[in-house]
Each structure stands twice: as C-alpha cells, then as structure tokens.
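Report on the structure given below.
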Amino acid sequence: MDYFSESIKKAIRTVPDWPKPGVSFRDITTVLQDRTAFRKLVDAFVHRYHDQKIDAIAAIDARGFIIGSPLAYELNAGLVLVRKKGKLPFDTLVEDYELEYGTASVELHKDAFRPGDKVVLVDDLIATGGTMLAASRLIRQIGAEIVEVSAMIDLPDLGGSRRLRDEGLNVYTVCEFAGD
C-alpha cells in the first residue's frame, strides 16, 4: 500500500458494533472533514485515470456522488447518477439486486450514455458488490464500456471485489480493511 492509501486508511474512523453487534462500520466522514485526506483521496482517483479518455463517471447513490463529482470535474468528464429506484425523473432502466434481508433496486436514465462511452463506476466502498454489479449491468445494457469499478474502501472478506472481477470487471480501491 502506498503512502497516500495508508494515510487515507488511517483517516477512516472505525465504529465498532454499528449498526449491529459484530459489525465494524467504516465511517468516511472523517476523511471528508480532513482537507488533506480528502484532497489525497480525490487525487488518488484523478491520477489513476488522468491519462485515459474517460467520457463519464457513473456515481452510485449517495456516497459515490461525493467522490464522483470532483473526479468528473477534474477529468473533464460527464457525471451520471446511479440512483435508488424512484429518484430519477425521466425514462429509466431498473436493476434489482439482493441484500442481506431482501432486495433493492438501482436505476439509470436510458439516455445516460452513448454506446461505446468509456465509464468509471464509483462508490464509497465495496462490500458484497451487489450495488456495483447491478449498476454495471445497467451501464452495459446501454452499451457503454466500463473501464473500471472503483471505490475508496474494499472489504475483501465480504467477497464483493471478487464477485466484480468474476463478472469481468476491473476493480480499483484506494485502501482495504481485511480481517479486521
């Protein structure tokens, strides 16, 4: 892990036993509050993609918006919002996915991309990968190319990054919390 990744990881607050006993919640608000850590976070993504022709950043509702917005700005790319069902006002595509206790849905405007657009899909963390897999299916359905799915945090013990790779997606995360 490089210096930037390690400093960002140190800035993430771990809240034990939240929202339920046995869960270690990774609170990103401490990164956002720290101007140096937040700048390093955005810079890590910008440096990763600055030499690629990225047409759009697809940011997942809602914490993905925090990373996706400055990244799209810095890369001179469009910003596309992947929203929870019922939040977009125009014609949408909807994809359902499994949660621990039930299902959820994400949606995307049908005209969010042009076929062949190069897209980076962004969220705050990868846990089980369900939301990112659903969002990636929507993007591919429109005909856009997913260059990479990316997040600030990977929780590899939950298997999401492996599931994403198994679907043929490239995965990038700034830091990971494994076995802790």
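Labels for the structure tokens follow display order: chains A, B, ..., residues from 1 in each chain, ligands from 1.
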Quiz prompt | Neighbour list for region 52-58 of chain A as a PyMOL selection string, cut-off 7 Å, only C-alpha atoms, skip fewer than 3 positions in-chain | solution = chain A and resi 49+68+72+77-82+117-122
Quiz item: Can you list every residue in region 119-170 of chain A that DSSP puts in strand (DSSP E), as a VMD selection string?
Solution: chain A and resid 119 to 126 145 to 154
Determine, using only C-alpha atoms, which residues of region 6-100 of chain A have any atom at most 9 Å from an atom of region 131-149 of chain A, and tabulate each with its shortest atom pair and distance in Å to one decimal place, rows ordered by chain and then rising number, as JSON lines.
```
{"residue": "A:Ile54", "atom": "CA", "partner": "A:Val147", "partner_atom": "CA", "distance": 8.1}
{"residue": "A:Ala58", "atom": "CA", "partner": "A:Ile139", "partner_atom": "CA", "distance": 8.6}
{"residue": "A:Ile60", "atom": "CA", "partner": "A:Ala135", "partner_atom": "CA", "distance": 7.7}
{"residue": "A:Val82", "atom": "CA", "partner": "A:Ala135", "partner_atom": "CA", "distance": 6.8}
{"residue": "A:Leu93", "atom": "CA", "partner": "A:Leu138", "partner_atom": "CA", "distance": 6.8}
{"residue": "A:Val94", "atom": "CA", "partner": "A:Leu138", "partner_atom": "CA", "distance": 7.3}
{"residue": "A:Glu95", "atom": "CA", "partner": "A:Ala134", "partner_atom": "CA", "distance": 5.6}
{"residue": "A:Asp96", "atom": "CA", "partner": "A:Ala134", "partner_atom": "CA", "distance": 6.7}
{"residue": "A:Tyr97", "atom": "CA", "partner": "A:Ala134", "partner_atom": "CA", "distance": 6.2}
{"residue": "A:Glu98", "atom": "CA", "partner": "A:Thr131", "partner_atom": "CA", "distance": 8.6}
{"residue": "A:Leu99", "atom": "CA", "partner": "A:Thr131", "partner_atom": "CA", "distance": 9.0}
```
Quiz item: Suppose you want the space between CA of Glu74 (chain A) and CA of Gly130 (chain A); what is it in Å?
Solution: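 Between these atoms lies a distance of 27.9 Å.
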Quiz item: Any idea what the distance is between CA of Met152 (chain A) and CA of Arg48 (chain A)?
Solution: 12.7 Å
List the neighbours of Ile153 (chain A) out to 7 Å using only C-alpha atoms; skip same-chain residues closer than 4 positions along the sequence, and give me the result as an mmCIF file with C-alpha atoms, in the first residue's frame.
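And here's out_12.cif as it stands now:
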```
data_model
loop_
_atom_site.group_PDB
_atom_site.id
_atom_site.type_symbol
_atom_site.label_atom_id
_atom_site.label_comp_id
_atom_site.auth_asym_id
_atom_site.auth_seq_id
_atom_site.Cartn_x
_atom_site.Cartn_y
_atom_site.Cartn_z
ATOM 1 C CA ASP A 124 -17.519 4.757 -1.436
ATOM 2 C CA LEU A 125 -16.889 1.094 -0.643
ATOM 3 C CA ILE A 126 -17.195 -2.427 -1.953
ATOM 4 C CA THR A 173 -9.792 0.614 -4.454
ATOM 5 C CA VAL A 174 -7.668 3.110 -2.570
ATOM 6 C CA CYS A 175 -7.467 1.001 0.598
ATOM 7 C CA GLU A 176 -8.859 -2.151 2.130
#
```
Exercise. For CA of Thr128 (chain A) and CA of Ile12 (chain A), determine how far apart the two atoms are, in Å to one decimal place.
Key: 19.5 Å
All residues 10 Å or closer to His47 (chain A), only C-alpha atoms, same chain fewer than 3 positions away omitted, as a PDB file with N, CA and C atoms, in the first residue's frame:
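Result went into out.pdb, see below:
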```pdb
ATOM      1  N   VAL A  42      -9.219  12.302  -3.564  1.00  0.00           N
ATOM      2  CA  VAL A  42      -9.604  12.715  -4.922  1.00  0.00           C
ATOM      3  C   VAL A  42      -8.403  12.597  -5.859  1.00  0.00           C
ATOM      4  N   ASP A  43      -7.234  13.028  -5.401  1.00  0.00           N
ATOM      5  CA  ASP A  43      -6.032  12.942  -6.236  1.00  0.00           C
ATOM      6  C   ASP A  43      -5.687  11.502  -6.604  1.00  0.00           C
ATOM      7  N   ALA A  44      -5.907  10.561  -5.684  1.00  0.00           N
ATOM      8  CA  ALA A  44      -5.619   9.152  -5.986  1.00  0.00           C
ATOM      9  C   ALA A  44      -6.436   8.697  -7.192  1.00  0.00           C
ATOM     10  N   HIS A  50      -6.213  10.014 -15.173  1.00  0.00           N
ATOM     11  CA  HIS A  50      -5.955  11.252 -15.914  1.00  0.00           C
ATOM     12  C   HIS A  50      -5.441  11.033 -17.336  1.00  0.00           C
ATOM     13  N   ASP A  51      -4.768   9.937 -17.598  1.00  0.00           N
ATOM     14  CA  ASP A  51      -4.214   9.726 -18.939  1.00  0.00           C
ATOM     15  C   ASP A  51      -5.115   8.847 -19.807  1.00  0.00           C
ATOM     16  N   GLN A  52      -6.316   8.564 -19.328  1.00  0.00           N
ATOM     17  CA  GLN A  52      -7.271   7.782 -20.106  1.00  0.00           C
ATOM     18  C   GLN A  52      -8.388   8.710 -20.584  1.00  0.00           C
ATOM     19  N   LEU A  71     -14.174  14.026  -9.220  1.00  0.00           N
ATOM     20  CA  LEU A  71     -13.439  13.230 -10.199  1.00  0.00           C
ATOM     21  C   LEU A  71     -13.890  13.574 -11.613  1.00  0.00           C
ATOM     22  N   GLU A  74     -12.461  17.030 -12.517  1.00  0.00           N
ATOM     23  CA  GLU A  74     -11.024  17.023 -12.787  1.00  0.00           C
ATOM     24  C   GLU A  74     -10.674  16.303 -14.087  1.00  0.00           C
ATOM     25  N   LEU A  75     -11.471  15.315 -14.464  1.00  0.00           N
ATOM     26  CA  LEU A  75     -11.195  14.563 -15.693  1.00  0.00           C
ATOM     27  C   LEU A  75     -11.902  15.159 -16.909  1.00  0.00           C
TER      28      LEU A  75
END
```
